[in-house]
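Colleague: Here it is, the structure in full.
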Amino acid sequence: MTNGTASGTASGTINGIVSATAVHKYDFRAIEGKWQARWLSDNRTDEDAAKPKYYVLEMFPYPSGRIHMGHVRNYTIGDVVARSKRMRGYNVLHPMGWDAFGLPAEGAAQKNHMHPAAWTYGNIDYMRQQLRQLGLSYDWRREIATCNPKYFRHEQKMFLEMYEKGLIYQKVTTVNWCQHCQTVLANEQVIDGCCWRCDSAIKPRRMSGWFFRITSYAEELLQDLDKLSGWPEKVVTMQRNWIGKSTGMACDFPVTGSDAKISIFTTRPDTVFGVTFMSLAPEHPLLDTLVAGTPQEKDVRAFIDEVTTEKQQLNYGEEPEKKGIFTGRFCENPFTGDKVPIYVANFVLMEYGTGAVMAVPAHDDRDFAFAKTYGLPIKPVVMPEGMILDENMGEASTGPGVLADSGPFSGMESEAAKQAIIAHADAKGFGHAQITYRLRDWGLSRQRYWGAPIPIIHCERCGVVPVPLAELPVELPVDAYQTKDTCLPLHQRPEFIAALCPQCGQAARRETDTMDTFVESSWYFARFTSPRYEDGPVEKEKAAYWLPVDQYIGGVEHAILHLLYSRFFVKVMRDLGYLNIDEPFTNLLTQGMVIKDGAKMSKSKGNVVDPDELIRQYGADTVRLFSLFAAPPERDLEWNAKGVEGASRFLNRLYRYTLELGSTPVTALPPVSEAGKAMERRIHQTIKRVTENIESNFHFNTAISAVMELFNSLSDEASLSLYWRRQAMRTILLLLSPMSPHFCAEMWQAMGEKGDVAAQDWPVWDEAIAQEERLTIVVQVQGKVRSRLSVAADIDDDRLVVMALADENIIRAMAGKTAKKTVVVKKKLVNIVC
RNA sequence: GCGAGAGUGGCGAAAUUGGUAGACGCACCAGACUUAGGAUCUGGCGCGGAAACGCAUCGGGGUUCGACUCCCCGCUCUCGCACCA
């Protein structure tokens, strides 16, 4: 079958007689179908000590129904990496799976009166087919879906192990509540005050939930960012800011007339002598006792209610007017003994630090504004260089300086004073050095049906009791899916709730929260190394062989959420003994969005391009080629229908040219000719450029243009021997095969070449052959290009200058002046200064 | 406000790290072959100019024989964080 499927409408002869009337276009439908059928069982990868391993992974999709252009781009990029690494001799792991829990399944299931599992698995079947049509070289044996109990049972097991180690706990907090989705969201899932999924406004709400103690890994998550040299700087910076480490001092201010102490955290211990009041968060636990029975109690409680309501009604991004109220109580600055009034202030956050702030209006903008509003004293104690501040200062001075009016610390520089003041507090026992992080613990509870159940039983006698390992997985109830009650949350399902306490055997209540779907995606990459292993989340030897992921590819929108959680999970799994790595992803490529008409493709904007339609019209190879060619991967890709046609045109030109070459390999070297030598040189130059473009930064766009240039020069060269024409074409097919794999496989075969093109070694270049023999040297006068010289590559500088000065264009440009200086850049240019 | 990144033809983009600005492709123009061309092939294509040449990489300065590239000032856009004490 050399040419059968290769001929669409054409007669398809391959010995160069191209019919004048036939329109020669390759039959991508037949070719792609043929090769995809063959590849069904290819790409199966197992551990192999003889080859270097390479694990390339694209962020797995949510099975929403159909793939979109963003997926096409993401998975094409990953597939080119996988295919080119295979050709370069690596043992490549390239798996695919489904992030299959999540809210859309519930909505769709309710609408269609079906079980979310049916909806989800139906989508998976459809999307798997779509991915196959793209010719993506996955090891499909390793496919996983996170909603499968065989997957999440291991997650439940790890949950219990983490609970055991104190890495998971329950608490009542103010959470982000999405009214529309009827569930809690993590801080990371709130985007501009709106739900990351449904985009409706988020309101705060007090409720109980489960938390991962991610903050206990804050320091390591921060430190290890330094190891991520293969990540975009931008993502590292975003994570660093998100973790938000601050160093400072914790300090206790005793409450006057009480045993209570107010603990504060400050990054500016050097300003502690300038404290003129204390501000507490409205939720501060001490407030209740402070105001109980005082004349101010009523007003303070009213104020707290007022600001709490206000907070709930505010739109995100809006900052409420700064306001507060005096509690009637005072506390004592332990450094000065000064009595300072205690206020409640609406801008103090309970979630950060201690929920209490020592207020230094002279050196903090917010405290300054607050002091002005409420007529509180302003006491400057840090004098910036060359300035003397007094209580009439017009704005807060937040920079460093020399301490004044600060007892024994007066005269010290800010930085030195910070240390001395902390040491003093430490010695006296009322304070110490403290590090605080912006990062909060990860709330993982979701009040939804379609998620992994939290394996906990609540017993009135025994309290919180883990489900015994032998009883895992805790599965979702699947009964009522035919009715409109489909997807009732677990807390509305008595049959699920009813349980026996594993400890005392009495009737107990099953936990009804499910886990955030980000839990599943935090370790799936590890599961791919041993996806059918039943005795734990990973088979350790296999995980040790494959991990970490060498190249991870996905959208930058996951820069914090998924990538931070995954880093956390890897560290936890390491500490649980499952993994031997510190970081999951050695290299990260964040690919840009696919946009059209200047905007991200979305249904609401009506600018969506359907991959199915494109593939039907142009074939997968063309779609792949265009999405790689139009922009480098990290940049946004502007979709352009005409550009797709350009890619199609290129493949068809290659097709017609290949047919003319015949199906018989030519092994005999032709007589040496200039044209042959030139082509050989271009072949080596192209191999070099393509290889370097792919290896250094995945710039497939320039790799493809290099191939196009080689082909352009090939098709321009009418007198070239068949031998070199075939050599050039072989090279083009090899270099292009990771990008347009079906086409290259078919053409390779049509040329009569042995084996599968994808199984060939990646071509290598010879630097000596790639060198040009003659060069065009630019000659400049005063830095402006005035002429060009064609010279032998090994010409010496003096000779070159002589030639340049004798050039008639140069003589004219110099206008009779003499050269004061000449600059020669090897193999590039001569610049004459006169 | 804080942090990060970007600004090059009509468009998507190149430029070996200070050395020919605009490779490659799209669009467009002209021509060829055609009943036809939305197929294919050939040529042209930053702006001005007949040409010589001049002007061009957001704007303004600077360093240099030479700057898209390095330095300073400013403008615009994108993204992230946003009362973090």
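Residue numbers start at 1 in each chain; chains themselves are named A, B, ... in the order of the structure tokens; ligands are numbered from 1 in the order shown.
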List the spatial neighbours of Arg567 (chain A) as a list of chain:residue names - criterion: any atom at most 8 Å away, only C-alpha atoms (C1' of nucleotides), same-chain residues fewer than 2 positions off excluded.

Modeller: A:Leu221, A:Ser522, A:Leu563, A:Leu564, A:Tyr565, A:Phe569, A:Val570, A:Lys571, A:Asp582, A:Glu583, A:Pro584

Colleague: Up to 7 Å from chain A, what residues of chain B turn up? Count only C-alpha atoms (C1' of nucleotides) and give them as an MDAnalysis selection string.

Modeller: chainID B and resid 4 12:13 19:20 24:26 39 65:66 80 83:85

Colleague: As a list in words, which residues of region 368-473 of chain A does DSSP assign to strand (DSSP E or B)?

Modeller: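 Put together, the selection reads Val382, Met383, Val402, Leu403, Glu413, Gly431, His432, Ala433, Gln434, Ile435, Thr436, Tyr437, Trp442, Gly443, Ser445, Arg446, Pro453, Ile456, Ile457, His458, Cys459, Gly463, Val464, Val465 and Pro466 of chain A.
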
Colleague: For region 55-64 of chain B, find every residue with an atom within 10 Å (counting only C-alpha atoms (C1' of nucleotides)), except residues of its own chain fewer than 5 positions away, and show them as a PyMOL selection string.

Modeller: chain B and resi 7-8+18+21-22+46-48+70-76

Colleague: Counting only C-alpha atoms (C1' of nucleotides), what is within 8 Å of region 144-146 of chain A, bar same-chain residues fewer than 2 positions away, as JSON, numbers by chain?

Modeller: {"A": [96, 97, 98, 99, 100, 101, 142, 148, 149, 151, 152, 520, 524, 528, 531]}

Colleague: Using only C-alpha atoms (C1' of nucleotides), find the one residue out of B:C81, B:C28, B:A67, B:C41 that sits nearest to G10 (chain B).

Modeller: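 Residue with the minimum atom-to-atom distance to G10 (chain B): B:C28.
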
Colleague: Need to verify the contact set: Leu720 (chain A), 12 Å, only C-alpha atoms (C1' of nucleotides), exclusion of same-chain residues closer than 4 positions in sequence. Can you return it as a PyMOL selection string?

Modeller: chain A and resi 661+670-680+713-716+724-728

Colleague: For Ala544 (chain A), work out the shell of residues within 12 Å, counting only C-alpha atoms (C1' of nucleotides) and skipping chain neighbours fewer than 4 positions away, then give it as a ChimeraX atom specification.

Modeller: /A:47,53,55,526-527,529-530,538-540,548-549,574,577-582,584

Colleague: Could you turn the residues from that selection into a file that holds N, CA, C and O atoms, as a short mmCIF file (atom, residue, chain, number, x, y, z; two decimals), in the first residue's frame?

Modeller:
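Wrote it out as again-v1.cif, contents follow:
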```
data_model
loop_
_atom_site.label_atom_id
_atom_site.label_comp_id
_atom_site.auth_asym_id
_atom_site.auth_seq_id
_atom_site.Cartn_x
_atom_site.Cartn_y
_atom_site.Cartn_z
N GLU A 47 8.96 1.03 32.36
CA GLU A 47 10.25 1.41 32.88
C GLU A 47 11.34 0.68 32.08
O GLU A 47 11.17 -0.48 31.71
N LYS A 53 14.89 8.40 31.09
CA LYS A 53 13.43 8.57 31.10
C LYS A 53 13.07 10.02 30.86
O LYS A 53 13.86 10.93 31.13
N TYR A 55 9.42 12.32 31.29
CA TYR A 55 8.00 12.34 31.61
C TYR A 55 7.45 13.70 31.18
O TYR A 55 7.80 14.72 31.75
N ALA A 526 1.32 11.71 39.77
CA ALA A 526 2.03 10.60 40.43
C ALA A 526 1.32 9.28 40.14
O ALA A 526 1.95 8.24 39.92
N ARG A 527 0.01 9.34 40.11
CA ARG A 527 -0.77 8.13 39.85
C ARG A 527 -0.49 7.57 38.46
O ARG A 527 -0.54 6.35 38.25
N THR A 529 2.12 7.07 37.06
CA THR A 529 3.29 6.19 37.02
C THR A 529 2.91 4.75 37.33
O THR A 529 3.66 3.83 36.98
N SER A 530 1.77 4.55 37.99
CA SER A 530 1.32 3.18 38.31
C SER A 530 -0.19 3.22 38.48
O SER A 530 -0.71 3.04 39.57
N VAL A 538 0.54 5.14 44.86
CA VAL A 538 1.54 4.88 43.83
C VAL A 538 2.34 3.63 44.20
O VAL A 538 2.46 3.28 45.36
N GLU A 539 2.86 2.99 43.16
CA GLU A 539 3.82 1.91 43.39
C GLU A 539 5.18 2.60 43.48
O GLU A 539 5.65 3.22 42.52
N LYS A 540 5.82 2.49 44.62
CA LYS A 540 6.95 3.38 44.91
C LYS A 540 8.07 3.29 43.88
O LYS A 540 8.62 4.31 43.48
N PRO A 548 10.51 13.20 39.04
CA PRO A 548 9.45 14.16 38.79
C PRO A 548 9.08 14.25 37.31
O PRO A 548 9.78 13.71 36.46
N VAL A 549 7.98 14.93 37.05
CA VAL A 549 7.60 15.24 35.68
C VAL A 549 8.69 16.15 35.09
O VAL A 549 9.02 17.16 35.69
N ARG A 574 5.78 12.68 50.00
CA ARG A 574 7.15 12.34 50.36
C ARG A 574 7.23 12.02 51.85
O ARG A 574 7.79 11.00 52.26
N GLY A 577 5.98 8.79 52.84
CA GLY A 577 6.77 7.65 52.38
C GLY A 577 6.43 7.15 50.99
O GLY A 577 6.91 6.09 50.60
N TYR A 578 5.61 7.88 50.25
CA TYR A 578 5.23 7.40 48.92
C TYR A 578 6.21 7.84 47.83
O TYR A 578 6.39 7.16 46.84
N LEU A 579 6.76 9.02 48.00
CA LEU A 579 7.60 9.59 46.95
C LEU A 579 8.97 9.95 47.51
O LEU A 579 9.13 10.13 48.72
N ASN A 580 9.93 10.07 46.61
CA ASN A 580 11.28 10.44 47.04
C ASN A 580 11.72 11.74 46.39
O ASN A 580 12.90 11.95 46.15
N ILE A 581 10.76 12.58 46.04
CA ILE A 581 11.10 13.85 45.40
C ILE A 581 10.56 14.99 46.24
O ILE A 581 9.67 14.82 47.07
N ASP A 582 11.10 16.18 46.00
CA ASP A 582 10.65 17.38 46.72
C ASP A 582 9.70 18.22 45.90
O ASP A 582 8.88 18.96 46.43
N PRO A 584 7.26 18.43 42.17
CA PRO A 584 6.64 17.59 41.14
C PRO A 584 7.08 17.87 39.70
O PRO A 584 7.17 16.96 38.90
#
```

Colleague: Find the residues around Ser64 (chain A) up to 8 Å (only C-alpha atoms (C1' of nucleotides) counted), leave out those fewer than 5 positions away in its own chain, and share them as an MDAnalysis selection string.

Modeller: chainID A and resid 104:105 120 123

Colleague: If you run DSSP on this backbone, which residues of region 704-756 of chain A come out as helix (DSSP H, G or I), and could you give them as a VMD selection string?

Modeller: chain A and resid 704 to 716 722 to 736 741 to 750

Colleague: Between CA of Lys227 (chain A) and CA of Gln591 (chain A), what is the distance in Å, rounded to a tenth?

Modeller: 21.2 Å
